[in-house]
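> Dropping in my_file.pdb, which is PDB, C-alpha atoms:
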```pdb
ATOM      1  CA  ALA A 257      36.058  10.861 -42.261
ATOM      2  CA  LEU A 258      33.099  10.379 -44.623
ATOM      3  CA  GLN A 259      33.664   6.643 -44.736
ATOM      4  CA  ARG A 260      33.579   6.466 -40.943
ATOM      5  CA  ALA A 261      30.258   8.323 -40.940
ATOM      6  CA  ALA A 262      28.941   5.892 -43.544
ATOM      7  CA  ALA A 263      30.119   2.946 -41.418
ATOM      8  CA  TYR A 264      28.250   4.351 -38.399
ATOM      9  CA  HIS A 265      25.170   4.870 -40.539
ATOM     10  CA  LEU A 266      25.292   1.355 -41.957
ATOM     11  CA  ALA A 267      25.784  -0.242 -38.521
ATOM     12  CA  ALA A 268      22.885   1.784 -37.103
ATOM     13  CA  GLN A 269      20.541   0.915 -39.972
ATOM     14  CA  MET A 270      21.280  -2.793 -40.094
ATOM     15  CA  PRO A 271      18.483  -5.026 -38.762
ATOM     16  CA  VAL A 272      19.438  -6.446 -35.368
ATOM     17  CA  SER A 273      19.161  -9.999 -36.687
ATOM     18  CA  LYS A 274      21.998  -9.217 -39.120
ATOM     19  CA  LEU A 275      24.415  -7.833 -36.504
ATOM     20  CA  ARG A 276      25.757 -11.200 -35.373
ATOM     21  CA  ASN A 277      27.035 -12.093 -38.869
ATOM     22  CA  ALA A 278      27.911  -8.597 -40.051
ATOM     23  CA  ASP A 279      31.615  -9.388 -40.353
ATOM     24  CA  GLU A 280      30.964 -12.397 -42.615
ATOM     25  CA  ASP A 281      28.343 -10.549 -44.651
ATOM     26  CA  LEU A 282      30.597  -7.528 -45.169
ATOM     27  CA  LYS A 283      33.413  -9.836 -46.278
ATOM     28  CA  ALA A 284      31.023 -11.419 -48.779
ATOM     29  CA  VAL A 285      30.085  -7.960 -50.097
ATOM     30  CA  HIS A 286      33.799  -7.172 -50.426
ATOM     31  CA  ALA A 287      34.486 -10.446 -52.233
ATOM     32  CA  GLY A 288      31.773  -9.608 -54.753
ATOM     33  CA  LEU A 289      33.191  -6.200 -55.639
ATOM     34  CA  GLY A 290      35.690  -7.342 -58.223
ATOM     35  CA  VAL A 291      38.432  -4.933 -59.291
ATOM     36  CA  GLU A 292      36.383  -1.777 -58.807
ATOM     37  CA  ILE A 293      33.398  -0.574 -56.834
ATOM     38  CA  VAL A 294      30.313  -0.222 -59.009
ATOM     39  CA  ARG A 295      27.745   1.889 -57.181
ATOM     40  CA  GLU A 296      24.599   0.008 -58.228
ATOM     41  CA  GLU A 297      26.131  -3.403 -57.586
ATOM     42  CA  LEU A 298      27.319  -2.295 -54.156
ATOM     43  CA  CYS A 299      23.829  -0.956 -53.344
ATOM     44  CA  ARG A 300      22.209  -4.221 -54.341
ATOM     45  CA  SER A 301      24.740  -6.286 -52.423
ATOM     46  CA  LEU A 302      24.341  -4.215 -49.248
ATOM     47  CA  GLN A 303      20.576  -4.593 -49.433
ATOM     48  CA  GLU A 304      20.702  -8.336 -50.071
ATOM     49  CA  ARG A 305      23.478  -9.295 -47.636
ATOM     50  CA  LEU A 306      22.879  -6.799 -44.827
ATOM     51  CA  GLY A 307      19.151  -6.222 -45.053
ATOM     52  CA  VAL A 308      19.391  -2.434 -45.185
ATOM     53  CA  ASP A 309      16.935  -0.328 -47.147
ATOM     54  CA  GLU A 310      17.745   1.271 -50.479
ATOM     55  CA  ALA A 311      18.328   4.747 -49.022
ATOM     56  CA  CYS A 312      20.965   3.440 -46.615
ATOM     57  CA  ALA A 313      22.673   1.379 -49.311
ATOM     58  CA  ARG A 314      22.733   4.353 -51.691
ATOM     59  CA  TYR A 315      24.179   6.637 -48.991
ATOM     60  CA  VAL A 316      27.000   4.200 -48.263
ATOM     61  CA  ALA A 317      27.744   3.590 -51.956
ATOM     62  CA  ALA A 318      27.655   7.326 -52.758
ATOM     63  CA  THR A 319      30.014   8.063 -49.864
ATOM     64  CA  LEU A 320      32.507   5.465 -51.013
ATOM     65  CA  GLU A 321      32.217   6.692 -54.602
ATOM     66  CA  ALA A 322      32.747  10.320 -53.520
ATOM     67  CA  GLU A 323      36.032   9.297 -51.928
ATOM     68  CA  ASP A 324      37.098   7.302 -54.995
ATOM     69  CA  ALA A 325      37.231   4.167 -52.870
ATOM     70  CA  ILE A 326      38.665   0.973 -54.271
ATOM     71  CA  PRO A 327      37.922  -2.561 -53.040
ATOM     72  CA  GLU A 328      40.862  -2.407 -50.603
ATOM     73  CA  ASP A 329      39.272   0.713 -49.065
ATOM     74  CA  PHE A 330      36.020  -1.206 -48.712
ATOM     75  CA  ALA A 331      37.871  -3.915 -46.774
ATOM     76  CA  GLU A 332      38.963  -1.278 -44.238
ATOM     77  CA  PHE A 333      35.465   0.214 -44.223
ATOM     78  CA  ALA A 334      33.999  -3.256 -43.614
ATOM     79  CA  GLU A 335      36.345  -3.875 -40.699
ATOM     80  CA  VAL A 336      35.298  -0.620 -39.018
ATOM     81  CA  CYS A 337      31.630  -1.300 -39.701
ATOM     82  CA  ALA A 338      31.840  -4.865 -38.341
ATOM     83  CA  GLY A 339      33.348  -3.511 -35.118
ATOM     84  CA  LEU A 340      30.525  -0.991 -34.826
ATOM     85  CA  CYS A 341      27.971  -3.756 -35.395
ATOM     86  CA  ALA A 342      29.541  -5.818 -32.609
ATOM     87  CA  GLU A 343      29.369  -2.798 -30.281
ATOM     88  CA  ARG A 344      25.732  -2.225 -31.209
ATOM     89  CA  GLU A 345      24.876  -5.852 -30.515
ATOM     90  CA  GLN A 346      26.622  -5.720 -27.136
ATOM     91  CA  SER A 347      24.622  -2.630 -26.262
ATOM     92  CA  LEU A 348      21.357  -4.312 -27.267
ATOM     93  CA  VAL A 349      22.196  -7.471 -25.331
ATOM     94  CA  GLY A 350      23.001  -5.320 -22.298
ATOM     95  CA  GLN A 351      19.601  -3.640 -22.553
ATOM     96  CA  VAL A 352      17.820  -6.995 -22.663
ATOM     97  CA  PHE A 353      19.761  -8.302 -19.665
ATOM     98  CA  ARG A 354      19.095  -5.114 -17.665
ATOM     99  CA  ALA A 355      15.380  -5.444 -18.420
ATOM    100  CA  LEU A 356      15.519  -9.123 -17.506
ATOM    101  CA  ASP A 357      17.247  -8.268 -14.212
ATOM    102  CA  ALA A 358      14.644  -5.587 -13.472
ATOM    103  CA  SER A 359      11.817  -8.054 -14.082
ATOM    104  CA  GLY A 360      13.120 -10.379 -11.388
ATOM    105  CA  ASP A 361      11.596 -13.841 -11.317
ATOM    106  CA  GLN A 362       8.828 -12.810 -13.712
ATOM    107  CA  GLY A 363      11.095 -12.826 -16.765
ATOM    108  CA  LEU A 364      10.307 -11.049 -20.028
ATOM    109  CA  THR A 365       8.021 -11.802 -22.920
ATOM    110  CA  LEU A 366       9.235 -11.067 -26.426
ATOM    111  CA  CYS A 367       7.084  -7.913 -26.530
ATOM    112  CA  GLN A 368       8.471  -6.724 -23.190
ATOM    113  CA  ALA A 369      12.034  -7.224 -24.457
ATOM    114  CA  LEU A 370      11.132  -5.294 -27.615
ATOM    115  CA  GLY A 371       9.651  -2.486 -25.507
ATOM    116  CA  ALA A 372      12.752  -2.330 -23.311
ATOM    117  CA  LEU A 373      14.957  -1.970 -26.379
ATOM    118  CA  GLU A 374      12.756   0.737 -27.887
ATOM    119  CA  ARG A 375      12.571   2.699 -24.596
ATOM    120  CA  ALA A 376      16.355   2.672 -24.375
ATOM    121  CA  ALA A 377      16.395   5.255 -27.199
ATOM    122  CA  ILE A 378      17.298   2.632 -29.752
ATOM    123  CA  GLY A 379      14.242   3.499 -31.814
ATOM    124  CA  ARG A 380      11.550   1.461 -33.481
ATOM    125  CA  LEU A 381      12.480  -2.131 -34.041
ATOM    126  CA  ASN A 382      10.769  -4.884 -35.957
ATOM    127  CA  ARG A 383       9.278  -7.598 -33.717
ATOM    128  CA  VAL A 384      10.174 -10.378 -36.151
ATOM    129  CA  ASP A 385      13.735  -9.076 -36.473
ATOM    130  CA  VAL A 386      14.180  -8.904 -32.688
ATOM    131  CA  ALA A 387      12.670 -12.387 -32.276
ATOM    132  CA  GLU A 388      15.107 -13.746 -34.853
ATOM    133  CA  TRP A 389      18.027 -12.012 -33.139
ATOM    134  CA  LEU A 390      17.019 -13.386 -29.738
ATOM    135  CA  GLY A 391      16.713 -16.841 -31.240
ATOM    136  CA  ALA A 392      13.013 -16.939 -30.384
ATOM    137  CA  VAL A 393      11.844 -17.919 -33.851
ATOM    138  CA  LEU A 394      10.168 -21.288 -34.149
ATOM    139  CA  PRO A 395      10.925 -23.746 -36.956
ATOM    140  CA  GLY A 396       9.639 -22.481 -40.277
ATOM    141  CA  GLY A 397      10.411 -18.860 -39.331
ATOM    142  CA  VAL A 398       7.290 -18.486 -37.174
ATOM    143  CA  VAL A 399       7.502 -15.809 -34.476
ATOM    144  CA  PRO A 400       5.800 -16.994 -31.321
ATOM    145  CA  PRO A 401       2.724 -15.088 -30.168
ATOM    146  CA  ASP A 402       3.118 -12.920 -27.093
ATOM    147  CA  ASP A 403       1.054 -15.340 -25.034
ATOM    148  CA  GLY A 404       3.054 -15.100 -21.852
ATOM    149  CA  ALA A 405       5.994 -17.274 -22.911
ATOM    150  CA  LYS A 406       9.073 -15.882 -21.224
ATOM    151  CA  LEU A 407      12.635 -15.356 -22.335
ATOM    152  CA  SER A 408      14.806 -17.313 -19.927
ATOM    153  CA  ARG A 409      18.056 -15.921 -18.604
ATOM    154  CA  GLN A 410      19.818 -19.224 -19.255
ATOM    155  CA  ALA A 411      18.690 -19.385 -22.878
ATOM    156  CA  LEU A 412      19.833 -15.798 -23.478
ATOM    157  CA  GLU A 413      23.170 -16.450 -21.783
ATOM    158  CA  ASN A 414      23.621 -19.480 -24.028
ATOM    159  CA  ARG A 415      22.602 -17.483 -27.101
ATOM    160  CA  PHE A 416      24.960 -14.577 -26.477
ATOM    161  CA  GLY A 417      27.691 -16.308 -24.491
ATOM    162  CA  TYR A 418      27.290 -14.314 -21.293
ATOM    163  CA  GLY A 419      28.133 -16.142 -18.108
ATOM    164  CA  LEU A 420      30.145 -18.623 -20.163
ATOM    165  CA  GLY A 421      33.275 -16.515 -20.488
ATOM    166  CA  VAL A 422      32.989 -16.317 -24.273
ATOM    167  CA  GLY A 423      31.701 -12.776 -24.819
ATOM    168  CA  VAL A 424      29.070 -11.903 -27.409
ATOM    169  CA  GLU A 425      30.010 -14.623 -29.882
ATOM    170  CA  GLY A 426      27.846 -17.204 -28.086
ATOM    171  CA  VAL A 427      26.219 -20.289 -29.427
ATOM    172  CA  GLY A 428      22.824 -21.915 -29.217
ATOM    173  CA  ASP A 429      19.309 -21.306 -30.352
ATOM    174  CA  VAL A 430      16.899 -20.075 -27.709
ATOM    175  CA  ALA A 431      13.815 -21.595 -29.330
ATOM    176  CA  SER A 432      15.384 -25.023 -29.678
ATOM    177  CA  GLN A 433      16.315 -25.208 -26.002
ATOM    178  CA  SER A 434      12.765 -25.825 -24.907
ATOM    179  CA  PRO A 435      11.090 -29.155 -25.554
ATOM    180  CA  ALA A 436       7.948 -27.246 -26.475
ATOM    181  CA  GLY A 437       9.851 -24.690 -28.559
ATOM    182  CA  VAL A 438       8.287 -21.515 -27.169
ATOM    183  CA  GLY A 439       7.829 -22.186 -23.469
ATOM    184  CA  GLY A 440      11.511 -22.014 -22.665
ATOM    185  CA  LEU A 441      12.103 -18.790 -24.489
TER
END
```
Can the structure from this file be put into structure tokens for me?


Amino acid sequence: ALQRAAAYHLAAQMPVSKLRNADEDLKAVHAGLGVEIVREELCRSLQERLGVDEACARYVAATLEAEDAIPEDFAEFAEVCAGLCAEREQSLVGQVFRALDASGDQGLTLCQALGALERAAIGRLNRVDVAEWLGAVLPGGVVPPDDGAKLSRQALENRFGYGLGVGVEGVGDVASQSPAGVGGL
């Protein structure tokens, strides 16, 4: 029961840009555990691979330690957490598409998408993190200014696989789908 709570906590604290690859990152954390779970190493690995803060990493590691978890237990924990991350991403994508639908032909800027996510009781989000998650980061990791460039429905569908019959595990990079980089966001 404590491990499930820790999995929920970890999935909720993970930056949105890390959700898409949470399963792979959690498997990498598991692979690095060795024959036993060492609290400090697990904390460091969670911070590095999943982008969570120290408090979150320590909570998860302490929970697993309190239950005398072994690496095989972490594999089960990781599977549950990865599923929760996928659910969280689906929820976030749904919020963006609902906001996009509500905007009609006007579309959404990156800041409007961020606002829609925050108003949906998801809490404060980092603009750079959301831009990365939406694929709206320009080459070199530059986040485009909120100068009126709009997120296009087609680019988001390509990014997240909606409308293509492939679910959330979509392909494509929103920023690269515009000849100008930003304009076709």

> Evaluate the PyMOL selection byres ((chain A and resi 340-346) around 10) here and jot the selected residues down as a ChimeraX atom specification.

/A:263-270,272-279,334-339,347-352,378,389,416,423-425

> Give me the residues within 6 Å of stretch 280-295 of chain A as a PDB file with C-alpha atoms, in the frame of the given file, counting only C-alpha atoms and dropping any in the same chain fewer than 4 places off.


```
ATOM      1  CA  ARG A 305      23.478  -9.295 -47.636  1.00  0.00           C
ATOM      2  CA  ALA A 317      27.744   3.590 -51.956  1.00  0.00           C
ATOM      3  CA  ILE A 326      38.665   0.973 -54.271  1.00  0.00           C
ATOM      4  CA  ALA A 334      33.999  -3.256 -43.614  1.00  0.00           C
TER       5      ALA A 334
END
```

> Expand the PyMOL selection byres ((chain A and resi 386) around 9) into the individual residues it matches in the shown file, reporting them as a list of chain:residue names.

A:Pro271, A:Val272, A:Ser273, A:Leu366, A:Ala369, A:Leu370, A:Leu381, A:Asn382, A:Arg383, A:Val384, A:Asp385, A:Ala387, A:Glu388, A:Trp389, A:Leu390, A:Gly391, A:Ala392

> For A:Glu321, work out the shell of residues within 12 Å, counting only C-alpha atoms and skipping chain neighbours fewer than 2 positions away, then give it as a ChimeraX atom specification.

/A:258-259,262,292-296,298-299,314-319,323-327,329-330

> Would you please work out which residue, of A:Leu302, A:Leu373, A:Leu320, A:Cys312, is nearest to A:Arg260 when using only C-alpha atoms?

A:Leu320

> Please measure the separation of atom CA of A:Asn414 and atom CA of A:Arg375, giving the value in Å to one decimal.

24.8 Å

> Any chance you could work out the residue set of the PyMOL selection byres ((chain A and resi 365) around 8) here, as a PyMOL selection string?

chain A and resi 363-364+366-369+402+404-407

> For A:Ala313, which residue among A:Arg409, A:Arg415, A:Arg354, A:Arg300 is the nearest when counting all atoms listed in the file?

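Answer, going by the shortest atom-to-atom distance: A:Arg300.
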